[in-house]
Amino acid sequence: MTTAERQRSAQELIRPQLPAELIERGKCPFDPASGLTELSGHGRIHRIEHEGEAVWLVTGHEEARAVLADPRMSSDRINSPRARKLISEELRAKMFPPERQAGSFIFMDAPEHTRYRRLLTGQFTVRRMRDLTPRVHEIVNAQLDAMIEKGPPADLVRDFALPVPSLVICELLGVDYGDREEFQHRTSKLLSLKTTIDEQIEVGTGLRKFMLDLVREKQRNPGDDLLSGLVRDTDLNELELAGIANLLLIAGHETTANMLALGTFALLEHPEEFAKLRENPELTENAVEELLRYLSIIAMGVSRHAKADVEIGGTLIREGETVVVSVPAVNRDPGQYPDPAELRVDRPRGHHVAFGHGIHQCLGQQLARVEMVVGFTELVRRLPTLKLAVPAEEVPLRTDMSIYGVHSLPVKW
């Protein structure tokens with residue numbers, strides 16, 4: 001590996017690159033990049049050329065759903081034509097050894113993806129999520145109890161938004177919550193746009209070891225958690241189990257934590273919408289769907305590459321070409337949502353793509369919904385006078401991460 005390769009970000013190598021004006025947020029921390037909004041007004045599929053690369057950028061709602069549902073569109077970024085062009089075989093072997101790829105079903109196509117998905121669907125049942133709801137209430141209120149007892153000001157990320165989903169996913173997987181700082185730190189490094197190749201390899205190796213140790217413990221002493229169920233009820237090997245557990249652990253706390261924090265920030269900056277929730281708690285389920293649409297924390301988009309020539313929305317995409325679905329733009333498609341730039345907690349539920357679409361639609365979306373509905377309900381009920389403790393422009397945004405949100409959210413009440 002050359003010195004130049006070592007200094008590059010791992011995210012830079014595996015994510016298609018787009019111009020800054022299509023990624024960087026403007027004055028409003030909740031709106032898509034201004035260039036993205038402007039581009040969306042000129043069509044629904046766009047050919048973007050940047051630094052010698054060309055990609056198709058999808059900003060239309062129906063076109064996005066068509067891309068995400070088409071089996072000819074591959075989600076295998078590791079073995080995509082782009083990855084093979086940019087990453088040498090030597091570097092690929094170091095970044096994506098077989099033991100790391102095992103169980104990483106979100107980067108797989110059928111039939112491999114189908115096999116893993118079928119096994120996991122049996123664990124993420126509606127009944128299991130329903131049975132978990134009282135425990136989510138307990139976790140949410142325990143965090144609020146501690147925050148209120150400590151008194152304002154508080155950091156809503158540190159004291160509420162991050163620990164709530166971390167505790168829930170630890171309980172679901174059977175992970176010792178005492179290990180949370182280790183996996184939270186490693187996850188943050190993996191998702192940072194500044195993480196170098198060497199750091200990414202080191203962090204990935206550490207997470208695999210962490211999960212392999214946990215899998216072996218479940219083999220010796222199984223419980224009633226999800227990971228024990230996979231150990232007991234499937235033919236998955238240790239590496240596959242560790243890979244799946246890693247994906248679930250990372251996705252199960254980072255995304256929901258950022259939705260809780262950024263969603264609260266958005267509500268506080270829209271006091272009339274916060275008041276609607278305070279006075280009409282039955283709107284919370286609607287509000288969660290609206291926040292998912294309005295904020296779209298998967299800000300870098302969802303990438304696919306064509307395994308064959310595909311026509312989407314009248315545009316021919318050639319075999320091997322890369323397609324990026326811009327989630328922030330798609331979720332604000334004016335053809336799908338009236339006044340899409342407005343936050344309305346009472347907006348009727350629509351078909352947003354915050355959880356994706358098609359066979360790769362987020363497996364844990366119902367768990368995330370439970371956590372957000374309970375979290376926002378109790379937060380508004382117990383802290384009806386919640387407000388920012390600093391000017392909005394001083395809230396540190398996660399523009400350096402692949403999942404958007406805030407690094408901290410100082411609040412008082």
# chains A, B, ... in the order shown; residues from 1 in each chain; ligands from 1
call {"tool": "closest_atom_pairs", "arguments": {"of": "segment 289-393 of chain A", "to": "segment 406-410 of chain A", "cutoff": "7 Å", "atoms": "only C-alpha atoms", "output": "tab-separated table"}}
result
residue	atom	partner	partner_atom	distance
A:Leu388	CA	A:Pro410	CA	6.0
A:Ala389	CA	A:Pro410	CA	5.2
A:Val390	CA	A:Pro410	CA	6.4
call {"tool": "write_last_selection", "arguments": {"atoms": "N, CA and C atoms", "output": "PDB file, in the first residue's frame"}}
result
ATOM      1  N   LEU A 388     -32.858  25.119  23.491  1.00  0.00           N
ATOM      2  CA  LEU A 388     -31.412  25.092  23.308  1.00  0.00           C
ATOM      3  C   LEU A 388     -30.729  25.923  24.375  1.00  0.00           C
ATOM      4  N   ALA A 389     -29.551  25.455  24.795  1.00  0.00           N
ATOM      5  CA  ALA A 389     -28.759  26.197  25.784  1.00  0.00           C
ATOM      6  C   ALA A 389     -27.697  27.058  25.122  1.00  0.00           C
ATOM      7  N   VAL A 390     -27.584  26.961  23.801  1.00  0.00           N
ATOM      8  CA  VAL A 390     -26.636  27.768  23.030  1.00  0.00           C
ATOM      9  C   VAL A 390     -27.354  28.251  21.779  1.00  0.00           C
TER      10      VAL A 390
END
call {"tool": "select_by_dssp", "arguments": {"residues": "segment 180-374 of chain A", "states": "helix (DSSP H, G or I)", "output": "number ranges by chain"}}
result
A: 180-191, 197-220, 226-233, 238-268, 271-279, 281-295, 327-330, 358-360, 365-374
call {"tool": "atom_distance", "arguments": {"atom1": "atom CA of Val380 of chain A", "atom2": "atom CA of Lys150 of chain A"}}
result
18.0 Å
call {"tool": "select_by_dssp", "arguments": {"residues": "segment 216-408 of chain A", "states": "strand (DSSP E or B)", "output": "number ranges by chain"}}
result
A: 302-306, 310-312, 315-317, 322-325, 387-388, 397, 401, 406
call {"tool": "write_last_selection", "arguments": {"atoms": "C-alpha atoms", "output": "mmCIF file, in the first residue's frame"}}
result
data_model
loop_
_atom_site.group_PDB
_atom_site.id
_atom_site.type_symbol
_atom_site.label_atom_id
_atom_site.label_comp_id
_atom_site.auth_asym_id
_atom_site.auth_seq_id
_atom_site.Cartn_x
_atom_site.Cartn_y
_atom_site.Cartn_z
ATOM 1 C CA VAL A 302 -27.338 5.102 -1.306
ATOM 2 C CA SER A 303 -25.177 3.744 -4.117
ATOM 3 C CA ARG A 304 -25.780 0.928 -6.589
ATOM 4 C CA HIS A 305 -24.083 -0.226 -9.778
ATOM 5 C CA ALA A 306 -25.831 -1.696 -12.794
ATOM 6 C CA VAL A 310 -31.257 -0.688 -17.115
ATOM 7 C CA GLU A 311 -33.743 2.006 -18.081
ATOM 8 C CA ILE A 312 -34.925 4.138 -15.159
ATOM 9 C CA THR A 315 -32.806 7.219 -18.806
ATOM 10 C CA LEU A 316 -30.577 4.362 -19.963
ATOM 11 C CA ILE A 317 -28.019 3.330 -17.371
ATOM 12 C CA THR A 322 -22.773 3.808 -10.723
ATOM 13 C CA VAL A 323 -26.080 5.208 -9.474
ATOM 14 C CA VAL A 324 -26.479 7.262 -6.302
ATOM 15 C CA VAL A 325 -29.933 7.720 -4.804
ATOM 16 C CA LYS A 387 -34.923 24.683 24.673
ATOM 17 C CA LEU A 388 -31.412 25.092 23.308
ATOM 18 C CA LEU A 397 -22.992 19.322 13.080
ATOM 19 C CA MET A 401 -19.524 11.690 9.271
ATOM 20 C CA VAL A 406 -25.129 16.613 15.672
#
call {"tool": "closest_residue", "arguments": {"among": "A:Asp339, A:Asp109, A:Thr196, A:Asp159", "to": "Leu68 of chain A", "atoms": "only C-alpha atoms"}}
result
A:Asp109
